[in-house]
Amino acid sequence: MASMRDIKRRKSSIQGTQQITKAMKLVSTVKLQRARASAERSKGYFTCMYDTVNNILQRVGHIDHPYLTPGESRRKAVIVITSNRGLAGGYNSNVTKLVTRHPQWKKEDLDIYCLGNKGRETFVRNGYAVKECDNDIVESPVYADAAALSAKLLESFAAGEIGEIYLAYTGFKNTVSHVPTLLRLLPVEVDAAAAQSEGSGEATAIMNFEAEDTEALDLLIPKYVTSLIYGALRESVASENGARMQAMDNATSNAEEIISDLTLKYNRARQGSITQELTEIIAGAEALG
């Protein structure tokens, strides 16, 4: 059995850790409130753009456009949004597993664009080709950063350097529900369920364009890709803080349980020590008598 000194030292150490986890939980709670409000403000545009493009492609039928057909290259560009710090439960690992455990992908065919240092560490450790890594963009996402990344990827796609573009991020539903999501950005694929959500009869209606359909898509698709990246960044930041708040709350609760257990052990050890001392005193008194 551990000595009283050892129990007291361990209890003091865990109490110090508990104070840190409490502080981190409070910080994450404040950040979550801000990130959640920001994600909700941008979600309307993000969702509307996605639904609009799906409705257009569902109604116009087949269009021979570069953004709608896979490129000749076998390489795939994958944008992976993680955090720069850990202590967020399974937030980072759940996103990277979408790529590392994809049943049909080979690592030699992937160009990884990491937004967040934790993702870069994972992919480098597993031998993936990390094309670029931007750690600052996930700290405070702005639309201009998403637009710059989108323009770079669209240029590579148009040049035939990559054949497909994917986005891996964590979707934010609520404080305790975060969904790792893998979304194909290019070539654009039609989500029939989303396209028909407004009404089954409308989905097959013919759609006319003021300009040519190819010209409209040339203008619309870059905005579509940018809005999806930006929306994913906002949702990922909210999910990160929500996951960290949960992790720190669980750590605080676990520390409380351990402290209670150590307190019980300390009291038992102290009681045993007192009982032993009393026994020795009584035995000594009887010997003298």
# chains A, B, ... in the order shown; residues from 1 in each chain; ligands from 1
>>> residues_around(residues="region 251-264 of chain A", least_positions_apart="3", cutoff="10 Å", atoms="only C-alpha atoms", output="compact mmCIF listing (two decimals) with N, CA and C atoms, in the first residue's frame")
# COMPACT_ATOMS: atom_id res chain seq x y z
N MET A 4 1.40 7.50 3.10
CA MET A 4 0.60 8.71 3.16
C MET A 4 1.25 9.84 2.38
N ILE A 7 0.59 9.30 -1.36
CA ILE A 7 -0.81 9.60 -1.69
C ILE A 7 -1.04 11.10 -1.71
N LYS A 8 -0.49 11.79 -0.71
CA LYS A 8 -0.68 13.24 -0.63
C LYS A 8 -0.01 13.95 -1.80
N ARG A 10 0.57 12.67 -4.84
CA ARG A 10 -0.19 12.40 -6.05
C ARG A 10 -1.49 13.20 -6.08
N LYS A 11 -2.14 13.31 -4.96
CA LYS A 11 -3.37 14.09 -4.87
C LYS A 11 -3.11 15.55 -5.21
N SER A 12 -2.03 16.09 -4.70
CA SER A 12 -1.68 17.49 -4.99
C SER A 12 -1.41 17.68 -6.47
N SER A 13 -0.73 16.70 -7.08
CA SER A 13 -0.44 16.79 -8.51
C SER A 13 -1.71 16.78 -9.35
N ILE A 14 -2.64 15.90 -9.02
CA ILE A 14 -3.89 15.81 -9.78
C ILE A 14 -4.75 17.05 -9.57
N GLN A 15 -4.71 17.62 -8.38
CA GLN A 15 -5.45 18.87 -8.14
C GLN A 15 -4.92 20.00 -9.02
N GLY A 16 -3.60 20.04 -9.18
CA GLY A 16 -3.01 21.05 -10.07
C GLY A 16 -3.44 20.84 -11.51
N THR A 17 -3.48 19.57 -11.96
CA THR A 17 -3.94 19.27 -13.31
C THR A 17 -5.40 19.63 -13.49
N GLN A 18 -6.19 19.38 -12.46
CA GLN A 18 -7.61 19.69 -12.51
C GLN A 18 -7.85 21.20 -12.69
N GLN A 19 -7.04 22.00 -12.03
CA GLN A 19 -7.18 23.46 -12.18
C GLN A 19 -6.89 23.88 -13.62
N ILE A 20 -5.91 23.21 -14.25
CA ILE A 20 -5.58 23.53 -15.65
C ILE A 20 -6.73 23.13 -16.57
N THR A 21 -7.28 21.94 -16.37
CA THR A 21 -8.38 21.49 -17.24
C THR A 21 -9.62 22.36 -17.07
N LYS A 22 -9.87 22.82 -15.84
CA LYS A 22 -11.00 23.73 -15.62
C LYS A 22 -10.81 25.03 -16.38
N ALA A 23 -9.59 25.57 -16.32
CA ALA A 23 -9.30 26.81 -17.02
C ALA A 23 -9.43 26.64 -18.52
N MET A 24 -8.92 25.51 -19.05
CA MET A 24 -9.02 25.25 -20.49
C MET A 24 -10.47 25.06 -20.93
N LYS A 25 -11.27 24.47 -20.07
CA LYS A 25 -12.69 24.31 -20.39
C LYS A 25 -13.38 25.67 -20.49
N LEU A 87 -5.41 17.99 -27.25
CA LEU A 87 -6.32 18.03 -26.10
C LEU A 87 -7.75 18.35 -26.53
N MET A 245 -13.81 21.54 -25.32
CA MET A 245 -14.59 21.79 -24.11
C MET A 245 -15.08 20.48 -23.51
N GLN A 246 -15.56 19.56 -24.36
CA GLN A 246 -16.00 18.26 -23.87
C GLN A 246 -14.85 17.47 -23.26
N ALA A 247 -13.70 17.48 -23.94
CA ALA A 247 -12.54 16.73 -23.45
C ALA A 247 -12.08 17.25 -22.10
N MET A 248 -12.05 18.58 -21.96
CA MET A 248 -11.60 19.16 -20.69
C MET A 248 -12.63 18.95 -19.58
N ASN A 267 -7.25 8.76 4.03
CA ASN A 267 -7.92 8.66 5.33
C ASN A 267 -7.76 7.26 5.93
N ARG A 268 -7.85 6.24 5.06
CA ARG A 268 -7.66 4.88 5.55
C ARG A 268 -6.23 4.67 6.04
N ALA A 269 -5.28 5.20 5.27
CA ALA A 269 -3.88 5.05 5.68
C ALA A 269 -3.62 5.80 6.99
N ARG A 270 -4.21 6.98 7.12
CA ARG A 270 -4.05 7.76 8.35
C ARG A 270 -4.69 7.05 9.54
>>> select_by_dssp(residues="region 57-275 of chain A", states="alpha helix (DSSP H)", output="ChimeraX atom specification")
/A:57-60,91-100,117-125,143-158,192-195,213-275
>>> atom_distance(atom1="CA of Val138 (chain A)", atom2="CA of Val179 (chain A)")
17.6 Å
>>> residues_around(residues="Leu185 (chain A)", least_positions_apart="6", cutoff="8 Å", atoms="only C-alpha atoms", output="ChimeraX atom specification")
/A:164-167,225
>>> write_last_selection(atoms="all heavy atoms", output="compact mmCIF listing (two decimals), in the first residue's frame")
# COMPACT_ATOMS: atom_id res chain seq x y z
N GLU A 164 -9.07 15.42 -59.27
CA GLU A 164 -10.20 15.59 -58.36
C GLU A 164 -9.76 16.41 -57.16
O GLU A 164 -8.58 16.41 -56.79
CB GLU A 164 -10.73 14.23 -57.88
CG GLU A 164 -11.33 13.37 -58.99
CD GLU A 164 -11.75 12.00 -58.47
OE1 GLU A 164 -10.88 11.27 -57.94
OE2 GLU A 164 -12.94 11.66 -58.59
N ILE A 165 -10.72 17.10 -56.55
CA ILE A 165 -10.44 17.90 -55.35
C ILE A 165 -11.46 17.50 -54.27
O ILE A 165 -12.67 17.48 -54.53
CB ILE A 165 -10.55 19.41 -55.64
CG1 ILE A 165 -9.60 19.82 -56.75
CG2 ILE A 165 -10.27 20.22 -54.37
CD1 ILE A 165 -9.74 21.27 -57.18
N TYR A 166 -10.94 17.20 -53.08
CA TYR A 166 -11.79 16.79 -51.96
C TYR A 166 -11.55 17.70 -50.75
O TYR A 166 -10.50 18.34 -50.64
CB TYR A 166 -11.51 15.34 -51.56
CG TYR A 166 -12.00 14.32 -52.55
CD1 TYR A 166 -11.22 13.96 -53.65
CD2 TYR A 166 -13.23 13.69 -52.39
CE1 TYR A 166 -11.66 13.02 -54.57
CE2 TYR A 166 -13.68 12.75 -53.30
CZ TYR A 166 -12.89 12.41 -54.39
OH TYR A 166 -13.33 11.48 -55.30
N LEU A 167 -12.53 17.71 -49.87
CA LEU A 167 -12.46 18.51 -48.65
C LEU A 167 -12.83 17.63 -47.46
O LEU A 167 -13.91 17.03 -47.44
CB LEU A 167 -13.41 19.70 -48.75
CG LEU A 167 -13.57 20.59 -47.51
CD1 LEU A 167 -12.25 21.28 -47.18
CD2 LEU A 167 -14.67 21.63 -47.74
N VAL A 225 -16.86 26.61 -54.80
CA VAL A 225 -15.73 25.95 -54.13
C VAL A 225 -15.24 26.79 -52.96
O VAL A 225 -14.99 26.28 -51.86
CB VAL A 225 -14.59 25.68 -55.13
CG1 VAL A 225 -13.35 25.15 -54.41
CG2 VAL A 225 -15.04 24.69 -56.20
>>> residues_around(residues="Thr69 (chain A)", least_positions_apart="6", cutoff="10 Å", atoms="only C-alpha atoms", output="list in words")
Ile63, Gly163, Glu164, Leu186, Pro187, Val188 and Glu189 of chain A
>>> write_last_selection(atoms="N, CA and C atoms", output="short mmCIF file (atom, residue, chain, number, x, y, z; two decimals), in the first residue's frame")
data_model
loop_
_atom_site.label_atom_id
_atom_site.label_comp_id
_atom_site.auth_asym_id
_atom_site.auth_seq_id
_atom_site.Cartn_x
_atom_site.Cartn_y
_atom_site.Cartn_z
N ILE A 63 -23.99 18.77 -69.21
CA ILE A 63 -23.23 19.90 -69.74
C ILE A 63 -21.77 19.47 -69.85
N GLY A 163 -6.78 15.54 -60.81
CA GLY A 163 -8.02 15.14 -61.46
C GLY A 163 -9.25 15.33 -60.60
N GLU A 164 -9.07 15.42 -59.27
CA GLU A 164 -10.20 15.59 -58.36
C GLU A 164 -9.76 16.41 -57.16
N LEU A 186 -14.53 19.08 -56.71
CA LEU A 186 -14.45 18.99 -58.17
C LEU A 186 -14.01 17.59 -58.56
N PRO A 187 -14.54 17.06 -59.67
CA PRO A 187 -15.66 17.62 -60.43
C PRO A 187 -16.94 17.62 -59.59
N VAL A 188 -17.77 18.62 -59.82
CA VAL A 188 -18.99 18.78 -59.02
C VAL A 188 -19.90 17.58 -59.26
N GLU A 189 -20.36 16.99 -58.16
CA GLU A 189 -21.30 15.88 -58.26
C GLU A 189 -22.66 16.34 -57.73
#
>>> atom_distance(atom1="CA of Ala168 (chain A)", atom2="CA of Leu26 (chain A)")
28.0 Å
>>> atom_distance(atom1="CA of Asn135 (chain A)", atom2="CA of Asn117 (chain A)")
5.7 Å
>>> closest_residue(among="A:Thr47, A:Thr181, A:Ala158, A:Thr214", to="Thr96 (chain A)", atoms="only C-alpha atoms")
A:Thr181
>>> residues_around(residues="Ala159 (chain A)", least_positions_apart="6", cutoff="12 Å", atoms="only C-alpha atoms", output="list in words")
Pro66, Tyr67, Gly71, Glu72, Ser73, Lys152 and Leu153 of chain A
>>> write_last_selection(atoms="all heavy atoms", output="JSON list (two decimals), in the first residue's frame")
[["chain", "number", "residue", "atom", "x", "y", "z"],
["A", 66, "PRO", "N", -15.47, 21.55, -68.01],
["A", 66, "PRO", "CA", -14.31, 20.98, -67.30],
["A", 66, "PRO", "C", -14.54, 20.74, -65.81],
["A", 66, "PRO", "O", -14.00, 19.80, -65.24],
["A", 66, "PRO", "CB", -13.22, 22.04, -67.52],
["A", 66, "PRO", "CG", -13.63, 22.76, -68.75],
["A", 66, "PRO", "CD", -15.11, 22.76, -68.76],
["A", 67, "TYR", "N", -15.36, 21.61, -65.18],
["A", 67, "TYR", "CA", -15.59, 21.47, -63.75],
["A", 67, "TYR", "C", -16.53, 20.31, -63.40],
["A", 67, "TYR", "O", -16.69, 19.97, -62.23],
["A", 67, "TYR", "CB", -16.17, 22.75, -63.17],
["A", 67, "TYR", "CG", -15.20, 23.91, -63.14],
["A", 67, "TYR", "CD1", -15.65, 25.22, -63.28],
["A", 67, "TYR", "CD2", -13.83, 23.70, -62.95],
["A", 67, "TYR", "CE1", -14.77, 26.29, -63.25],
["A", 67, "TYR", "CE2", -12.94, 24.76, -62.92],
["A", 67, "TYR", "CZ", -13.40, 26.04, -63.07],
["A", 67, "TYR", "OH", -12.53, 27.10, -63.03],
["A", 71, "GLY", "N", -10.60, 15.05, -64.30],
["A", 71, "GLY", "CA", -9.43, 15.29, -65.13],
["A", 71, "GLY", "C", -8.72, 13.99, -65.47],
["A", 71, "GLY", "O", -9.02, 12.93, -64.93],
["A", 72, "GLU", "N", -7.77, 14.08, -66.39],
["A", 72, "GLU", "CA", -7.05, 12.88, -66.81],
["A", 72, "GLU", "C", -6.06, 12.41, -65.75],
["A", 72, "GLU", "O", -5.70, 11.24, -65.70],
["A", 72, "GLU", "CB", -6.31, 13.17, -68.12],
["A", 72, "GLU", "CG", -7.23, 13.47, -69.29],
["A", 72, "GLU", "CD", -6.46, 13.73, -70.57],
["A", 72, "GLU", "OE1", -5.21, 13.70, -70.52],
["A", 72, "GLU", "OE2", -7.10, 13.96, -71.62],
["A", 73, "SER", "N", -5.61, 13.31, -64.91],
["A", 73, "SER", "CA", -4.64, 12.94, -63.88],
["A", 73, "SER", "C", -5.28, 12.06, -62.81],
["A", 73, "SER", "O", -6.44, 12.23, -62.44],
["A", 73, "SER", "CB", -4.07, 14.21, -63.21],
["A", 73, "SER", "OG", -3.21, 13.87, -62.14],
["A", 152, "LYS", "N", -5.98, 28.62, -56.28],
["A", 152, "LYS", "CA", -4.79, 27.81, -56.50],
["A", 152, "LYS", "C", -5.16, 26.40, -56.95],
["A", 152, "LYS", "O", -4.58, 25.85, -57.89],
["A", 152, "LYS", "CB", -3.97, 27.76, -55.21],
["A", 152, "LYS", "CG", -2.60, 27.13, -55.34],
["A", 152, "LYS", "CD", -1.91, 27.10, -53.99],
["A", 152, "LYS", "CE", -1.79, 28.50, -53.40],
["A", 152, "LYS", "NZ", -1.11, 28.49, -52.09],
["A", 153, "LEU", "N", -6.15, 25.82, -56.29],
["A", 153, "LEU", "CA", -6.56, 24.46, -56.64],
["A", 153, "LEU", "C", -7.27, 24.41, -57.99],
["A", 153, "LEU", "O", -7.07, 23.47, -58.77],
["A", 153, "LEU", "CB", -7.49, 23.91, -55.54],
["A", 153, "LEU", "CG", -6.82, 23.61, -54.21],
["A", 153, "LEU", "CD1", -7.87, 23.29, -53.15],
["A", 153, "LEU", "CD2", -5.85, 22.45, -54.34]]
